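Trainee: First, the structure itself, so that you have it in front of you.
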Amino acid sequence: MEAATSIWCASCNLSNQTHKKQSYPILPSLHKHSLSTNLRRTSTTLNSAANSGSPWPSILVSDKLGEAGLHLLRQFGHVECLYNLSSDELCSRIGEFDALVVRSGTRVTRRLFEAAKGRLKVVGRAGVGIDNVDRQAATEFGCLVVNAPTANTIAAAEHGIALLTAMARNVARADASMKAGKWERSKNVGVSVVGKTLAVMGFGRVGSEVARRGKALGMRVIAHDPYAPADTVRAVGVDLVSFDEALSTAHFVSLHMPLTPSTRGLFDDRAFAKMAKGVRFINVARGGLVDEDALLRALDSGIVAQAAVDVLSEEPPSGDASRLAQHENVITTPHLGASTKEAQEQVAVEIAEAVVGALRGELSATALNAPIISPQVMSALGPYVALAEKLGRVAVQLVAGGTGIQSVKVLYASPRDPDDLDTRILRAMITKGIIEPISDAHVNLVNADFIAKQKHLRISEEKVATNSSVDQPVESIQLQISGAASRFESTLLDNGRISIQGSVKQGVPHLTRVGAFSVNVSLEGNVILCHQLDQPGMIGQVGNILGERNVNVSYMSVGRSGKRGKAIMAIGVDEEPDEATLKEIGEVPAIYECVFLHL
Ligand SMILES: NC(=O)c1ccc[n+]([C@@H]2O[C@H](COP(=O)([O-])OP(=O)(O)OC[C@H]3O[C@@H](n4cnc5c(N)ncnc54)[C@H](O)[C@@H]3O)[C@@H](O)[C@H]2O)c1
Ligand SMILES: O=C(O)[C@H](O)COP(=O)(O)O
């Protein structure tokens, strides 16, 4: 079987109807890679990908990446490392690349996606924080964003603790004074951490590791995180408290939450006013969480005795140095939280695997703007992916007036419990089938829902229980289109909706129902549908017309309401018949209507 369907072809970014695949595709897919290849771990299949004869993707690495990650990327594509590019320089080059790998140093903006002109398929963030990537723009442009969220957790937690203890014992100031040839003991008396309260603000990966280390230092640890399950926090021996309680009771406040619109500037004058006088403040999360002027005021007023800061709102700070870095009670590091040799090698490998996987058509476990669909689900639904897109393509061609479809109801007949049937990829493919033939949009799993909304296409879904074998996750998919006139009235149900239904038979998508008529048409190539009276000679008459015009018939199938009743004839054709041929078929006595469909 040749399936010409893909949610996202990494080699040509979706204009993929001409591709011939050995098997069905998954999310982004490169030519010639079968599903079984796609589902294997990336690292074990890099060489085969590189040697497959597929055009090599171009990958731009714009922030320093560990050698092990670069090595993996180079086995898969052409890699260029261009560090410290200005935004203009990056925009001028980005159109040459299929993938971009960044750390926190590169701003991945809407302008960048516009400049990429649809070529960029994946942005890999070698690290966790993605506040430097415009995810909404990425989604709109159908570009997958992946990160490497776990590999630098310990490094960041260790750096947080390093800053906390170094600050408490004035290590940096004492060292600077030694280097200046001084011997200042009484000036550098510190504070002990044992028995002190540490408030961990954000109890995620880094926050929980900081909490564990704080406890090991003999600290009482409390945490504030509105989204953390209380029992998970309690299991680490940490009390979950409110924002105000955390700030008012802590001797040390350490930030570990992401920078989002709701956390930006959260630590402002009001927050510092809630803190106990003499608090020590640590930020290894993001500079934008803190109103830096407010922190300076809190330092000057003595509310904050000391601050230790790895991250700034502007990195690197403009001017000679940030005012924070200059403050005598502040120690700073230049965003070093993730910068250990070990973490950087692991991050680089993790992101290289994710980027290569995305370019090869695998679903990434760290996708940030696409649904995570497990390989098991993908494997089970694979044959229906092609069916879903074909049904969408048929449906849009049946609507009269070329206006497209506004409202479609999808009915999945399935023996599975509705909760066990994950239809997101099928919905995306139906969207693709409906939208791509009538627009210049490229639809994939990343942007399907966004594009549907943008095009005012409403898709509602219903799962209908059946008794068939549970080995087959979907027995049939039916599309019902309301509020549209049909080019082929036989597709209309009594409720006035255009209705088509399909199934997968021996791995091949089939059209099995048109309106109230059962048919059995393999959804490949092109098809002419005729609505006619069921009487002898119909097949011959239509066949003759096509033969005279040198249009080759690949198959014929007739579904009828009853003997000598009304019938639907589906005729598969290798060539597209011209208007005159279709008109002649339509004029055959006893043919009520006919329509030509590209599949
Ligand atoms: N300095 C560095 O080099 C470095 C290295 C790694 C991570 N980071 C940063 O550290 C932060 C945490 O990373 P992570 O991997 O632990 O992320 P994470 O997603 O595992 O944890 C973040 C936690 O913050 C919580 N949170 C969200 N909004 C909150 C709010 N308003 N108040 C309190 N908690 C809130 C979330 O529920 C989550 O549990 C991120 O900002 C990340 O960018 C910095
Ligand atoms: O979010 C992260 O992963 C850290 O801030 C690390 O950023 P970096 O990759 O620029 O060191």
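Just remember, in the structure tokens the first chain shown is A, the second B, etc., residues are 1-based per chain, and ligands are 1-based in the order shown.
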Leaving out Gly129 in chain A and any residue of its chain fewer than 6 positions from it, which residues lie within 10 Å of it when counting only C-alpha atoms, given as a ChimeraX atom specification?

Mentor: /A:103-104,147-149,257-259,285-286

Trainee: Write as a CSV table (one decimal) with C-alpha atoms, in the first residue's frame the residues around ligand 1, taking 6 Å as the cut-off and counting only C-alpha atoms and all ligand atoms.

Mentor:
chain,number,residue,atom,x,y,z
A,128,VAL,CA,14.4,23.8,30.8
A,129,GLY,CA,13.3,27.4,30.7
A,149,PRO,CA,13.9,19.5,31.1
A,152,ASN,CA,20.3,20.2,34.4
A,153,THR,CA,18.1,19.9,37.5
A,156,ALA,CA,20.7,24.1,39.2
A,201,MET,CA,9.2,29.1,46.0
A,202,GLY,CA,8.2,26.6,43.3
A,203,PHE,CA,8.4,22.9,44.3
A,204,GLY,CA,9.2,21.4,40.9
A,205,ARG,CA,12.3,19.5,39.8
A,206,VAL,CA,14.9,22.0,41.0
A,207,GLY,CA,12.9,23.2,44.0
A,224,HIS,CA,5.0,27.5,48.3
A,225,ASP,CA,3.7,26.0,45.0
A,226,PRO,CA,0.0,26.3,44.2
A,227,TYR,CA,0.2,23.4,41.7
A,228,ALA,CA,2.3,20.9,43.7
A,256,HIS,CA,12.3,28.0,41.7
A,257,MET,CA,9.3,28.8,39.6
A,258,PRO,CA,9.1,29.4,35.8
A,259,LEU,CA,8.9,32.8,34.3
A,263,THR,CA,5.0,35.1,37.7
A,284,VAL,CA,18.6,30.7,40.3
A,285,ALA,CA,15.3,30.6,38.4
A,286,ARG,CA,14.7,33.6,36.2
A,310,ASP,CA,22.4,33.7,39.1
A,335,HIS,CA,23.5,32.3,34.7
A,336,LEU,CA,25.7,29.4,35.7
A,337,GLY,CA,23.0,27.2,37.2
A,338,ALA,CA,23.1,24.6,34.5

Trainee: For Met556 in chain A, work out the shell of residues within 12 Å, counting only C-alpha atoms and skipping chain neighbours fewer than 5 positions away, then give it as a list in words.

Mentor: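 Selected residues are Val519, Asn520, Val521, Ser522, Asn526, Val527, Ile528, Leu529, Cys530, Met538, Ile539, Gly540, Val542, Gly543, Ile568, Met569, Ala570, Ile571, Gly572 and Val573 of chain A.
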
Trainee: Within 8 Å of Lys463 in chain A, counting only C-alpha atoms, which residues show up once you throw out same-chain ones fewer than 3 positions away? Write them as a PyMOL selection string, please.

Mentor: chain A and resi 411-414+418

Trainee: Please, could you write that set of residues out with N, CA and C atoms as a PDB file, in the first residue's frame?

Mentor:
ATOM      1  N   LEU A 411     -17.842  11.046  14.212  1.00  0.00           N
ATOM      2  CA  LEU A 411     -18.291   9.915  15.035  1.00  0.00           C
ATOM      3  C   LEU A 411     -17.300   8.768  14.860  1.00  0.00           C
ATOM      4  N   TYR A 412     -16.678   8.385  15.948  1.00  0.00           N
ATOM      5  CA  TYR A 412     -15.743   7.266  15.915  1.00  0.00           C
ATOM      6  C   TYR A 412     -16.480   6.045  16.460  1.00  0.00           C
ATOM      7  N   ALA A 413     -16.709   5.051  15.635  1.00  0.00           N
ATOM      8  CA  ALA A 413     -17.298   3.807  16.133  1.00  0.00           C
ATOM      9  C   ALA A 413     -16.151   2.945  16.637  1.00  0.00           C
ATOM     10  N   SER A 414     -16.210   2.591  17.912  1.00  0.00           N
ATOM     11  CA  SER A 414     -15.062   1.900  18.497  1.00  0.00           C
ATOM     12  C   SER A 414     -15.509   0.952  19.598  1.00  0.00           C
ATOM     13  N   PRO A 418     -14.552   4.861  25.741  1.00  0.00           N
ATOM     14  CA  PRO A 418     -14.247   6.189  25.192  1.00  0.00           C
ATOM     15  C   PRO A 418     -13.003   6.826  25.796  1.00  0.00           C
TER      16      PRO A 418
END

Trainee: Quick one: of A:Glu461, A:Glu184, A:Glu140, A:Glu315, who's nearest to ligand 2, counting only C-alpha atoms and all ligand atoms?

Mentor: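 Of all the options, A:Glu315 lies closest to ligand 2.
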